[in-house]
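The file query-v4.tsv comes next; it holds TSV, C-alpha atoms.
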chain	number	residue	atom	x	y	z
A	1	MET	CA	0.00	0.00	0.00
A	2	SER	CA	2.81	2.41	0.86
A	3	THR	CA	4.41	1.89	-2.57
A	4	VAL	CA	1.18	2.72	-4.34
A	5	THR	CA	0.56	5.85	-2.29
A	6	THR	CA	4.13	7.05	-2.93
A	7	ARG	CA	4.08	6.56	-6.66
A	8	ALA	CA	0.69	8.20	-7.23
A	9	PRO	CA	1.78	11.66	-6.05
A	10	GLN	CA	5.03	11.34	-8.03
A	11	LYS	CA	3.03	10.55	-11.15
A	12	ASP	CA	0.78	13.54	-10.48
A	13	VAL	CA	3.82	15.80	-10.11
A	14	ARG	CA	5.28	14.54	-13.40
A	15	THR	CA	1.94	15.16	-15.09
A	16	LEU	CA	1.79	18.72	-13.75
A	17	ARG	CA	5.35	19.38	-14.90
A	18	ARG	CA	4.55	18.02	-18.35
A	19	LEU	CA	1.49	20.25	-18.59
A	20	GLY	CA	3.51	23.23	-17.37
A	21	SER	CA	6.02	22.66	-20.17
A	22	LEU	CA	3.26	23.10	-22.77
A	23	TRP	CA	3.73	26.74	-23.71
A	24	TRP	CA	0.11	27.33	-24.74
A	25	ILE	CA	-1.20	26.13	-21.38
A	26	ARG	CA	1.17	28.51	-19.59
A	27	VAL	CA	0.11	31.47	-21.75
A	28	THR	CA	-3.59	30.61	-21.45
A	29	ALA	CA	-3.30	30.35	-17.66
A	30	ILE	CA	-1.76	33.83	-17.49
A	31	TRP	CA	-4.47	35.19	-19.77
A	32	LEU	CA	-7.26	33.60	-17.74
A	33	ALA	CA	-5.88	34.98	-14.48
A	34	SER	CA	-5.70	38.45	-15.98
A	35	ARG	CA	-9.27	38.23	-17.28
A	36	VAL	CA	-10.51	37.47	-13.77
A	37	VAL	CA	-8.83	40.64	-12.50
A	38	THR	CA	-10.02	42.81	-15.38
A	39	THR	CA	-13.58	41.45	-15.21
A	40	ALA	CA	-13.72	42.31	-11.52
A	41	LEU	CA	-12.61	45.88	-12.28
A	42	VAL	CA	-15.13	46.27	-15.11
A	43	LEU	CA	-17.96	44.93	-12.94
A	44	PHE	CA	-16.99	47.36	-10.18
A	45	PHE	CA	-17.30	50.35	-12.48
A	46	ALA	CA	-20.47	49.03	-14.11
A	47	ALA	CA	-22.08	48.70	-10.67
A	48	HIS	CA	-21.28	52.35	-9.93
A	49	GLU	CA	-22.25	53.69	-13.37
A	50	GLY	CA	-25.09	56.15	-13.62
A	51	PRO	CA	-27.43	56.55	-16.62
A	52	THR	CA	-25.55	57.20	-19.86
A	53	PHE	CA	-26.21	57.66	-23.55
A	54	TRP	CA	-25.71	53.90	-24.03
A	55	ALA	CA	-27.45	52.33	-21.04
A	56	PRO	CA	-29.47	52.98	-17.88
A	57	ALA	CA	-27.75	53.12	-14.52
A	58	HIS	CA	-25.83	50.07	-13.26
A	59	PRO	CA	-25.68	48.19	-16.58
A	60	GLY	CA	-24.68	44.55	-16.75
A	61	TYR	CA	-21.25	43.56	-17.99
A	62	PHE	CA	-22.13	43.08	-21.65
A	63	ARG	CA	-24.11	46.31	-21.84
A	64	PHE	CA	-21.23	48.18	-20.20
A	65	ALA	CA	-18.86	46.65	-22.77
A	66	GLN	CA	-20.87	48.31	-25.59
A	67	PHE	CA	-19.99	51.90	-24.67
A	68	TRP	CA	-18.33	54.47	-26.94
A	69	ASP	CA	-17.34	53.35	-30.46
A	70	SER	CA	-18.83	49.89	-29.98
A	71	GLY	CA	-22.11	51.23	-31.34
A	72	TRP	CA	-20.49	52.10	-34.65
A	73	PHE	CA	-19.39	48.49	-35.14
A	74	HIS	CA	-22.93	47.32	-34.43
A	75	THR	CA	-24.28	49.84	-36.94
A	76	ILE	CA	-21.84	48.59	-39.59
A	77	ALA	CA	-22.91	44.99	-39.03
A	78	THR	CA	-26.61	45.79	-39.19
A	79	THR	CA	-26.92	48.58	-41.77
A	80	GLY	CA	-23.53	48.73	-43.49
A	81	TYR	CA	-21.77	51.91	-44.61
A	82	PRO	CA	-23.54	55.04	-45.92
A	83	SER	CA	-23.45	55.69	-49.65
A	84	ARG	CA	-23.63	59.44	-49.02
A	85	LEU	CA	-21.79	61.46	-46.40
A	86	GLN	CA	-23.97	63.68	-44.25
A	87	LEU	CA	-22.82	67.28	-43.78
A	88	ASP	CA	-23.37	69.82	-41.01
A	89	ALA	CA	-24.64	73.37	-41.58
A	90	SER	CA	-21.10	74.51	-42.44
A	91	GLY	CA	-20.64	71.82	-45.07
A	92	HIS	CA	-18.31	69.64	-43.01
A	93	VAL	CA	-18.61	65.85	-42.98
A	94	LEU	CA	-20.31	64.55	-39.84
A	95	PRO	CA	-18.93	61.57	-37.86
A	96	ASN	CA	-19.93	58.38	-39.65
A	97	ALA	CA	-19.19	54.67	-40.03
A	98	TRP	CA	-16.50	55.06	-42.72
A	99	ALA	CA	-13.99	55.89	-40.00
A	100	PHE	CA	-14.32	52.31	-38.71
A	101	LEU	CA	-12.90	49.34	-40.56
A	102	PRO	CA	-15.06	46.32	-41.44
A	103	ALA	CA	-13.15	43.18	-40.40
A	104	TYR	CA	-14.06	43.10	-36.71
A	105	PRO	CA	-17.82	43.74	-37.12
A	106	ALA	CA	-17.85	41.21	-39.98
A	107	VAL	CA	-16.32	38.51	-37.76
A	108	VAL	CA	-18.76	39.31	-34.95
A	109	ASP	CA	-21.67	39.23	-37.39
A	110	LEU	CA	-20.54	35.82	-38.69
A	111	THR	CA	-20.29	34.61	-35.09
A	112	THR	CA	-23.84	35.69	-34.29
A	113	ALA	CA	-25.14	34.11	-37.51
A	114	ALA	CA	-23.33	30.81	-36.85
A	115	THR	CA	-24.13	30.48	-33.15
A	116	GLY	CA	-27.22	32.57	-32.48
A	117	ILE	CA	-25.35	34.40	-29.72
A	118	PRO	CA	-26.57	38.01	-29.33
A	119	TRP	CA	-24.35	40.77	-30.65
A	120	ASP	CA	-23.39	42.19	-27.26
A	121	ILE	CA	-22.07	38.82	-26.09
A	122	ALA	CA	-20.52	37.81	-29.43
A	123	SER	CA	-18.64	41.11	-29.76
A	124	VAL	CA	-17.00	40.62	-26.36
A	125	LEU	CA	-16.32	36.94	-27.07
A	126	VAL	CA	-14.57	37.70	-30.36
A	127	ALA	CA	-12.48	40.45	-28.76
A	128	GLY	CA	-11.52	38.19	-25.86
A	129	LEU	CA	-10.54	35.23	-28.03
A	130	CYS	CA	-8.51	37.52	-30.29
A	131	SER	CA	-6.64	38.82	-27.26
A	132	LEU	CA	-5.83	35.24	-26.24
A	133	GLY	CA	-4.62	34.59	-29.78
A	134	ALA	CA	-2.52	37.75	-29.67
A	135	VAL	CA	-0.61	36.76	-26.53
A	136	LEU	CA	-0.18	33.18	-27.81
A	137	VAL	CA	1.40	34.56	-30.98
A	138	LEU	CA	3.42	37.08	-28.95
A	139	ASP	CA	4.91	34.17	-27.02
A	140	ARG	CA	5.96	32.53	-30.30
A	141	LEU	CA	7.37	35.82	-31.62
A	142	LEU	CA	9.56	36.36	-28.56
A	143	ARG	CA	10.71	32.74	-28.62
A	144	ALA	CA	11.63	33.14	-32.29
A	145	LEU	CA	13.78	36.10	-31.22
A	146	GLY	CA	15.45	33.95	-28.57
A	147	LEU	CA	13.76	35.68	-25.63
A	148	PRO	CA	11.79	34.30	-22.66
A	149	ALA	CA	8.16	35.28	-22.97
A	150	SER	CA	6.14	34.48	-19.84
A	151	PHE	CA	6.66	37.77	-18.01
A	152	VAL	CA	6.08	39.82	-21.16
A	153	VAL	CA	2.81	37.96	-21.73
A	154	ALA	CA	1.83	38.82	-18.15
A	155	LEU	CA	2.71	42.50	-18.71
A	156	VAL	CA	0.45	42.62	-21.76
A	157	CYS	CA	-2.40	40.73	-20.09
A	158	PHE	CA	-2.35	42.81	-16.88
A	159	GLY	CA	-1.41	46.08	-18.60
A	160	PRO	CA	-3.26	49.39	-18.15
A	161	LEU	CA	-5.29	49.07	-21.38
A	162	SER	CA	-6.09	45.37	-21.15
A	163	ALA	CA	-9.78	46.09	-20.49
A	164	LEU	CA	-9.91	46.68	-24.24
A	165	PHE	CA	-9.37	42.94	-24.65
A	166	GLN	CA	-12.92	42.23	-23.48
A	167	VAL	CA	-15.08	45.07	-24.77
A	168	ALA	CA	-16.60	45.51	-28.23
A	169	TYR	CA	-13.56	47.12	-29.82
A	170	ALA	CA	-11.30	45.93	-32.67
A	171	GLU	CA	-8.01	46.46	-30.78
A	172	SER	CA	-7.38	42.85	-29.78
A	173	MET	CA	-8.09	41.60	-33.29
A	174	GLY	CA	-5.65	44.18	-34.60
A	175	MET	CA	-3.05	43.05	-32.06
A	176	LEU	CA	-3.45	39.43	-33.15
A	177	LEU	CA	-3.00	40.23	-36.84
A	178	LEU	CA	-0.09	42.60	-36.20
A	179	CYS	CA	1.76	40.11	-34.02
A	180	ALA	CA	1.14	37.30	-36.51
A	181	SER	CA	2.46	39.49	-39.34
A	182	LEU	CA	5.63	40.30	-37.39
A	183	LEU	CA	6.12	36.63	-36.55
A	184	LEU	CA	5.84	35.66	-40.23
A	185	LEU	CA	8.35	38.36	-41.15
A	186	VAL	CA	10.79	37.15	-38.51
A	187	ARG	CA	10.40	33.56	-39.76
A	188	ARG	CA	10.60	34.65	-43.44
A	189	HIS	CA	7.22	33.09	-44.29
A	190	TYR	CA	5.94	35.49	-46.94
A	191	LEU	CA	3.13	33.53	-48.57
A	192	PRO	CA	0.85	33.26	-45.50
A	193	LEU	CA	1.76	36.87	-44.70
A	194	ILE	CA	-0.08	38.17	-47.77
A	195	PRO	CA	-3.71	37.54	-46.66
A	196	LEU	CA	-2.87	38.59	-43.10
A	197	LEU	CA	-1.69	41.99	-44.35
A	198	LEU	CA	-5.00	42.63	-46.10
A	199	LEU	CA	-7.00	41.49	-43.08
A	200	ALA	CA	-4.93	43.68	-40.75
A	201	ASP	CA	-5.46	46.67	-43.05
A	202	LEU	CA	-9.22	46.14	-42.75
A	203	THR	CA	-9.14	45.80	-38.96
A	204	ARG	CA	-7.18	48.79	-37.65
A	205	PRO	CA	-5.63	51.80	-39.44
A	206	ILE	CA	-2.10	50.38	-39.47
A	207	GLY	CA	-1.76	49.75	-43.21
A	208	VAL	CA	0.74	52.52	-43.97
A	209	PRO	CA	3.32	51.66	-41.28
A	210	LEU	CA	2.83	47.94	-41.94
A	211	ALA	CA	3.58	48.45	-45.64
A	212	VAL	CA	6.72	50.40	-44.74
A	213	VAL	CA	7.92	47.62	-42.45
A	214	VAL	CA	7.38	44.90	-45.07
A	215	GLY	CA	9.11	47.01	-47.72
A	216	ILE	CA	12.14	47.74	-45.52
A	217	HIS	CA	12.34	44.10	-44.45
A	218	VAL	CA	12.57	42.87	-48.06
A	219	LEU	CA	14.97	45.67	-49.00
A	220	LEU	CA	17.32	44.79	-46.13
A	221	ARG	CA	17.27	41.14	-47.17
A	222	LEU	CA	18.21	42.13	-50.72
A	223	LEU	CA	21.02	44.40	-49.52
A	224	HIS	CA	22.45	41.98	-46.93
A	225	ARG	CA	22.52	38.70	-48.79
A	226	THR	CA	25.02	37.16	-46.37
A	227	ALA	CA	22.83	37.72	-43.29
A	228	ASP	CA	19.98	35.48	-44.47
A	229	PRO	CA	19.46	32.87	-47.15
A	230	PRO	CA	19.38	35.03	-50.30
A	231	LEU	CA	16.07	35.91	-51.86
A	232	ARG	CA	15.95	34.12	-55.18
A	233	GLY	CA	13.47	32.57	-57.56
A	234	ALA	CA	9.99	31.88	-56.23
A	235	ARG	CA	10.84	33.16	-52.73
A	236	LEU	CA	11.84	36.53	-54.17
A	237	VAL	CA	8.66	36.72	-56.23
A	238	VAL	CA	6.48	35.95	-53.18
A	239	ALA	CA	8.36	38.53	-51.09
A	240	LEU	CA	7.84	41.19	-53.76
A	241	VAL	CA	4.15	40.27	-54.01
A	242	ALA	CA	3.90	40.72	-50.23
A	243	VAL	CA	5.41	44.20	-50.58
A	244	ALA	CA	2.96	45.07	-53.36
A	245	VAL	CA	-0.03	43.73	-51.40
A	246	ALA	CA	1.08	45.69	-48.34
A	247	GLY	CA	1.20	48.85	-50.44
A	248	VAL	CA	-2.23	48.24	-51.92
A	249	GLY	CA	-3.63	47.38	-48.51
A	250	ALA	CA	-2.41	50.70	-47.12
A	251	VAL	CA	-4.78	52.60	-49.44
A	252	LEU	CA	-7.48	49.94	-49.90
A	253	TRP	CA	-10.09	51.30	-47.47
A	254	PRO	CA	-9.86	54.93	-48.66
A	255	LEU	CA	-10.34	53.62	-52.21
A	256	VAL	CA	-13.39	51.60	-51.13
A	257	ALA	CA	-14.89	54.64	-49.40
A	258	TRP	CA	-14.28	56.71	-52.55
A	259	ALA	CA	-15.86	54.07	-54.78
A	260	VAL	CA	-19.00	53.76	-52.64
A	261	THR	CA	-19.58	57.45	-51.82
A	262	GLY	CA	-18.15	59.07	-54.92
A	263	ASP	CA	-16.12	61.36	-52.65
A	264	ARG	CA	-12.35	61.00	-53.12
A	265	GLY	CA	-11.66	62.26	-49.60
A	266	ALA	CA	-14.47	60.35	-47.87
A	267	TYR	CA	-12.25	58.30	-45.56
A	268	LEU	CA	-9.98	61.16	-44.48
A	269	ALA	CA	-12.96	63.47	-43.95
A	270	SER	CA	-14.67	60.78	-41.86
A	271	GLU	CA	-11.56	60.15	-39.75
A	272	THR	CA	-11.00	63.84	-39.07
A	273	ALA	CA	-14.68	64.59	-38.30
A	274	TRP	CA	-14.14	63.72	-34.63
A	275	ARG	CA	-11.13	65.95	-34.14
A	276	ARG	CA	-12.94	69.13	-35.15
A	277	SER	CA	-14.30	69.62	-31.62
A	278	HIS	CA	-10.83	69.87	-30.05
A	279	VAL	CA	-8.57	70.77	-33.01
A	280	GLY	CA	-10.85	73.21	-34.79
A	281	GLU	CA	-11.60	73.90	-38.44
A	282	GLY	CA	-9.10	73.73	-41.25
A	283	PRO	CA	-7.57	71.13	-43.56
A	284	PHE	CA	-5.63	68.17	-42.25
A	285	VAL	CA	-1.87	68.80	-42.23
A	286	PRO	CA	0.49	66.04	-41.03
A	287	PHE	CA	2.28	66.63	-37.69
A	288	VAL	CA	0.52	69.94	-37.03
A	289	SER	CA	-1.74	68.56	-34.27
A	290	TRP	CA	1.21	67.44	-32.15
A	291	LEU	CA	3.04	70.72	-32.72
A	292	THR	CA	-0.05	72.65	-31.67
A	293	ALA	CA	-0.48	70.48	-28.58
A	294	ALA	CA	3.19	70.94	-27.63
A	295	GLU	CA	2.85	74.71	-27.87
A	296	ARG	CA	-0.32	74.55	-25.78
A	297	ILE	CA	1.50	72.63	-23.03
A	298	ALA	CA	4.61	74.83	-23.12
A	299	PRO	CA	4.11	78.02	-25.17
A	300	GLY	CA	6.82	79.13	-27.57
A	301	PRO	CA	9.97	77.20	-28.47
A	302	ALA	CA	9.81	75.22	-25.22
A	303	GLY	CA	6.89	73.13	-26.48
A	304	ILE	CA	8.59	72.29	-29.75
A	305	LEU	CA	11.76	71.43	-27.86
A	306	LEU	CA	9.79	69.17	-25.53
A	307	LEU	CA	8.30	67.28	-28.49
A	308	ALA	CA	11.71	66.99	-30.15
A	309	VAL	CA	13.27	65.64	-26.95
A	310	GLY	CA	10.49	63.06	-26.64
A	311	ALA	CA	11.05	61.89	-30.23
A	312	ALA	CA	14.83	61.76	-29.65
A	313	VAL	CA	14.43	59.69	-26.50
A	314	PHE	CA	12.19	57.24	-28.34
A	315	ALA	CA	14.72	56.97	-31.18
A	316	ALA	CA	17.57	56.41	-28.71
A	317	LEU	CA	15.52	53.74	-26.99
A	318	LEU	CA	15.15	51.85	-30.28
A	319	LEU	CA	18.76	52.29	-31.37
A	320	ALA	CA	20.87	52.14	-28.24
A	321	VAL	CA	19.18	50.19	-25.43
A	322	PRO	CA	20.46	46.58	-25.53
A	323	GLN	CA	17.18	45.09	-24.25
A	324	VAL	CA	15.30	46.78	-27.11
A	325	ARG	CA	17.91	45.87	-29.70
A	326	ARG	CA	17.38	42.20	-28.83
A	327	LEU	CA	13.88	42.49	-30.28
A	328	GLY	CA	15.38	42.45	-33.76
A	329	ALA	CA	15.11	44.72	-36.76
A	330	ASP	CA	11.50	43.94	-37.72
A	331	VAL	CA	9.98	44.79	-34.31
A	332	ARG	CA	12.12	47.92	-33.93
A	333	ILE	CA	11.35	49.14	-37.45
A	334	TRP	CA	7.66	48.58	-36.79
A	335	SER	CA	7.87	50.57	-33.54
A	336	ALA	CA	9.73	53.44	-35.20
A	337	THR	CA	7.42	53.54	-38.20
A	338	TYR	CA	4.23	53.34	-36.19
A	339	GLY	CA	5.49	56.00	-33.77
A	340	ALA	CA	6.21	58.34	-36.70
A	341	TYR	CA	2.80	57.52	-38.18
A	342	LEU	CA	1.06	58.51	-34.95
A	343	LEU	CA	2.90	61.82	-34.93
A	344	ALA	CA	1.91	62.45	-38.54
A	345	VAL	CA	-1.78	61.61	-38.60
A	346	PHE	CA	-3.26	61.53	-35.10
A	347	ASP	CA	-3.85	64.30	-32.63
A	348	PRO	CA	-3.00	63.98	-28.92
A	349	GLN	CA	-6.07	63.36	-26.75
A	350	SER	CA	-7.39	60.72	-24.39
A	351	SER	CA	-7.61	58.11	-27.18
A	352	THR	CA	-3.85	58.40	-27.71
A	353	PHE	CA	-3.26	55.83	-24.96
A	354	ARG	CA	-5.35	53.32	-26.90
A	355	LEU	CA	-3.59	54.22	-30.14
A	356	LEU	CA	-0.26	53.38	-28.51
A	357	LEU	CA	-1.39	49.77	-28.03
A	358	PRO	CA	0.16	48.51	-31.33
A	359	LEU	CA	3.56	49.24	-29.79
A	360	PHE	CA	3.00	46.36	-27.35
A	361	PRO	CA	5.73	44.12	-28.93
A	362	MET	CA	8.24	46.57	-27.43
A	363	LEU	CA	7.34	45.19	-24.01
A	364	GLY	CA	9.63	42.35	-25.05
A	365	ALA	CA	12.42	44.57	-23.73
A	366	PHE	CA	11.32	43.44	-20.25
A	367	ALA	CA	11.74	39.76	-21.15
A	368	THR	CA	15.03	39.43	-19.28
A	369	VAL	CA	13.91	41.11	-16.05
A	370	ARG	CA	14.91	38.67	-13.27
A	371	SER	CA	14.01	40.53	-10.09
A	372	ARG	CA	10.79	39.14	-8.63
A	373	VAL	CA	10.27	42.39	-6.76
A	374	LEU	CA	10.50	44.45	-9.94
A	375	ARG	CA	8.23	42.04	-11.77
A	376	GLY	CA	5.67	42.26	-8.99
A	377	VAL	CA	5.86	46.06	-8.95
A	378	LEU	CA	5.33	46.26	-12.72
A	379	LEU	CA	2.31	43.95	-12.58
A	380	VAL	CA	0.77	45.90	-9.69
A	381	LEU	CA	1.32	49.13	-11.63
A	382	GLY	CA	-0.39	47.54	-14.62
A	383	ILE	CA	-3.47	46.63	-12.57
A	384	ALA	CA	-3.53	50.10	-11.03
A	385	GLY	CA	-3.28	51.50	-14.56
A	386	GLN	CA	-6.32	49.45	-15.56
A	387	PHE	CA	-8.32	50.99	-12.75
A	388	LEU	CA	-7.25	54.50	-13.72
A	389	TRP	CA	-7.84	53.97	-17.44
A	390	ILE	CA	-11.35	52.59	-16.97
A	391	ALA	CA	-12.17	55.39	-14.51
A	392	ALA	CA	-10.77	58.15	-16.71
A	393	THR	CA	-12.09	57.01	-20.09
A	394	TRP	CA	-14.55	54.12	-20.33
A	395	ALA	CA	-16.74	54.77	-17.29
A	396	GLN	CA	-18.92	57.88	-17.32
A	397	TRP	CA	-19.87	58.31	-13.65
A	398	HIS	CA	-17.26	61.05	-13.33
A	399	ILE	CA	-18.63	63.09	-16.30
A	400	SER	CA	-15.12	63.99	-17.43
A	401	GLY	CA	-14.40	66.17	-20.45
A	402	TRP	CA	-11.10	64.28	-21.10
A	403	SER	CA	-12.69	60.97	-21.69
A	404	PRO	CA	-13.07	59.07	-24.98
A	405	PRO	CA	-11.06	55.83	-24.79
Please express the file's structure as structure tokens.
Amino acid sequence: MSTVTTRAPQKDVRTLRRLGSLWWIRVTAIWLASRVVTTALVLFFAAHEGPTFWAPAHPGYFRFAQFWDSGWFHTIATTGYPSRLQLDASGHVLPNAWAFLPAYPAVVDLTTAATGIPWDIASVLVAGLCSLGAVLVLDRLLRALGLPASFVVALVCFGPLSALFQVAYAESMGMLLLCASLLLLVRRHYLPLIPLLLLADLTRPIGVPLAVVVGIHVLLRLLHRTADPPLRGARLVVALVAVAVAGVGAVLWPLVAWAVTGDRGAYLASETAWRRSHVGEGPFVPFVSWLTAAERIAPGPAGILLLAVGAAVFAALLLAVPQVRRLGADVRIWSATYGAYLLAVFDPQSSTFRLLLPLFPMLGAFATVRSRVLRGVLLVLGIAGQFLWIAATWAQWHISGWSPP
């Protein structure tokens, strides 16, 4: 009897160790733990929410998860995109569905059609599963770069904006497609990259920087033939097709909006319709919004200097910090290109924090952090950041003017 009772626990321990060695179980366990924490935070704010434009007071979880831009995705799935742009009394384009890309609402709509699950539940389910997929792929990306991944996965899952992983927004789907595209670039798998590029371009507005990254990646491989197996024959053709598809994808949605509405500037006008309330009238000019914001924070040359110093620090981080350099050329080029893209086309406001989310692969710089104390501090700060982000942007009980997530 004693032999049997001794061997059984040993067998159980070996089984647990074997399960722990399965990378996807480890990543999924981290993700599940983080979703428990985030769900608790969301339920706390929902319980304290007053009546809003979207719901009566104290909405349930799934109703609370439909706030803000979620309604636009539902509108796209149910009524599609307008064939004519509505104008205000001054002749400016009003906010409309063309500013939102179709992939996420299409996937949610397919989910509701296939399962019968209501939209409010299906939209959260799709976002949540995409976030799980994103961190699973992130683990593979970091491993492909020769880096440990568990702590970085935890940083992403418990990070300040991780409530976006379980509300009716397209961010987690965009993260999944971005991370998968970077992984395929790192592994030099260009053929499966091609459809992912188009899908990513129709999920979040990242087509331009993504096209730049793919183009630079192929160019570097052509220039440094000794660093990688040379691009020749069919592989070269597929790589060049990927570059071409990335370029087409970068302008695909503006072309679709033009074709449907007959207005060449339909997409840009729709995107900029929201900024009119805090930027003012006038044509869109790249980089001007950030320059104006810098001068507003610190009038005169000091504001411009502050912005320049911030850009220089970011560049130095990408070029000189060893932990960042270990992320490889593709991740660093993506980070630099997307950072420049944000400066060029977006204006600083409360949504900027959400727009920074595609830079999440840079958290791989923390992969080699060994101190348990530092790891614990960073995770606690991430959870505290979740609380602050939900309070300052998603929830409306505070009636803040600096709010849209």
At most 10 Å from (-16.3, 52.9, -47.5), file frame, all atoms listed in the file: which residues, as a list in words?
Gly80, Tyr81, Pro82, Ser83, Arg84, Ala97, Trp98, Ala99, Phe100, Leu101, Pro102, Leu252, Trp253, Pro254, Leu255, Val256, Ala257, Trp258, Ala259, Val260, Thr261, Gly262, Asp263, Ala266, Tyr267 and Ser270 of chain A
Kindly give the distance, in Å, that separates CA of Val331 (chain A) and CA of Pro361 (chain A), rounded to a single decimal.
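Interatomic distance, CA of Val331 (chain A) to CA of Pro361 (chain A): 6.9 Å.
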What is the CA of Phe67 (chain A) to CA of Trp394 (chain A) distance in Å?
7.3 Å
Have a look at A:Leu110, A:Leu41, A:Leu141, A:Ala320 and name the one nearest to Gly364 (chain A); count only C-alpha atoms.
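Closest to Gly364 (chain A), using only C-alpha atoms: A:Leu141.
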